[in-house]
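I have placed the structure first, in the form of C-alpha cells, so that the comments after it can refer back to it.
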Amino acid sequence: MSIFKTDSFCITVPQGWKAFKVNERVIHICKGGEKDSDILSKPYMQLNFSGEAYMIPPSRSGYYDITDIPPITLGNYTWQGFECESMGFRVAMIFTGEGKRQFQVSANLETPIGKIEMTDADVQSILASVTLLGSGEERESI
C-alpha cells in the first residue's frame, strides 16, 4: 500500500493499483495500471473533490439498468449512489458530503482486461482511506 496526496486530500492505494493525478481535485486510481493511459483499458475509479465549489449528485439520466447502492459508511464518510450501464460498460457513480465539501467517484467496473466491484475489499479500502488535508496535514471530515 502507498499514500497518494494532493494539496487537498489523500488516499491509500492498495497493492496492484496505481494513482494518477489529473489535477488538484481529480485523481484516477487504476487496478493493474502502470501509466495514466491504462484507464482506457483497465478498471479504474475517478475521485473528484469539490474544493470550494458545489457539486450536484450524479444524475441518473442517460443511464440504463440502474441499481441503487445502499448507503455505506467507510472511513469518515457515508457513500451513496448507483451502478448502471453506460455505453455498454458497467459503471458506478457514488458521492459523499454536503455543500462545498464533497467527493464523487465514477468507476469503470468492467473492461476486457479486468473487473472490479464496489464490494471488493480493495475498492472499499480506497474509499475508507479518503482524508481531507488542512494546513499541517491535519485530518478533517466533511
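So you can find residues: chains in the C-alpha cells are A, B, ... in the order shown, residues in each start at 1, and ligands are numbered from 1 in order.
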
Exercise. Report as a ChimeraX atom specification: the residues of chain A with a DSSP assignment of strand (DSSP E), based on the backbone of this structure.
Key: /A:2-5,9-13,17-23,26-31,44-49,64-74,77-86,89-98,101-108,110-111,114-115,131-133,139-140

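Every residue of chain A with a DSSP assignment of helix (DSSP H, G or I), taken from the backbone, is listed as Asp36, Ser37, Asp38, Ile39, Leu40, Ala121, Asp122, Val123, Gln124, Ser125, Ile126, Leu127, Ala128, Ser129, Ser135, Gly136 and Glu137 of chain A.
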
Could I get the residues of range 43-91 of chain A with an atom no further than 12 Å from an atom of range 102-106 of chain A, each paired with its nearest atom pair and that distance in Å to one decimal, using only C-alpha atoms, sorted by chain and residue number, as a tab-separated table?
residue	atom	partner	partner_atom	distance
A:Pro43	CA	A:Ser106	CA	10.9
A:Tyr44	CA	A:Ser106	CA	8.5
A:Met45	CA	A:Ser106	CA	5.8
A:Gln46	CA	A:Ser106	CA	5.3
A:Leu47	CA	A:Val105	CA	4.6
A:Asn48	CA	A:Gln104	CA	5.2
A:Phe49	CA	A:Phe103	CA	4.6
A:Ser50	CA	A:Gln102	CA	5.2
A:Gly51	CA	A:Gln102	CA	7.5
A:Glu52	CA	A:Gln102	CA	9.2
A:Ala53	CA	A:Gln102	CA	8.8
A:Tyr54	CA	A:Gln102	CA	7.7
A:Met55	CA	A:Gln102	CA	6.9
A:Ile56	CA	A:Gln102	CA	9.3
A:Pro57	CA	A:Gln104	CA	7.9
A:Pro58	CA	A:Gln104	CA	8.0
A:Ser59	CA	A:Ser106	CA	11.7
A:Asn76	CA	A:Phe103	CA	11.8
A:Tyr77	CA	A:Phe103	CA	9.5
A:Thr78	CA	A:Phe103	CA	10.6
A:Trp79	CA	A:Gln104	CA	8.9
A:Gln80	CA	A:Gln104	CA	9.6
A:Gly81	CA	A:Val105	CA	9.3
A:Phe82	CA	A:Ser106	CA	9.9
A:Glu83	CA	A:Ser106	CA	9.5
A:Cys84	CA	A:Ser106	CA	10.8
A:Ser86	CA	A:Ser106	CA	11.3
A:Arg90	CA	A:Ser106	CA	10.7
A:Val91	CA	A:Ser106	CA	7.0

Quiz prompt | Distance query range 119-121 of chain A at most 12 Å, only C-alpha atoms, self and fewer than 5 positions along chain excluded, as a ChimeraX atom specification | solution = /A:14-15,31,69-70,72,74,83,92,109,126-128

Quiz item: Using only C-alpha atoms, which residue out of A:Trp17, A:Phe9, A:Phe4, A:Phe89 lies closest to Ala107 in chain A?
Solution: A:Phe89
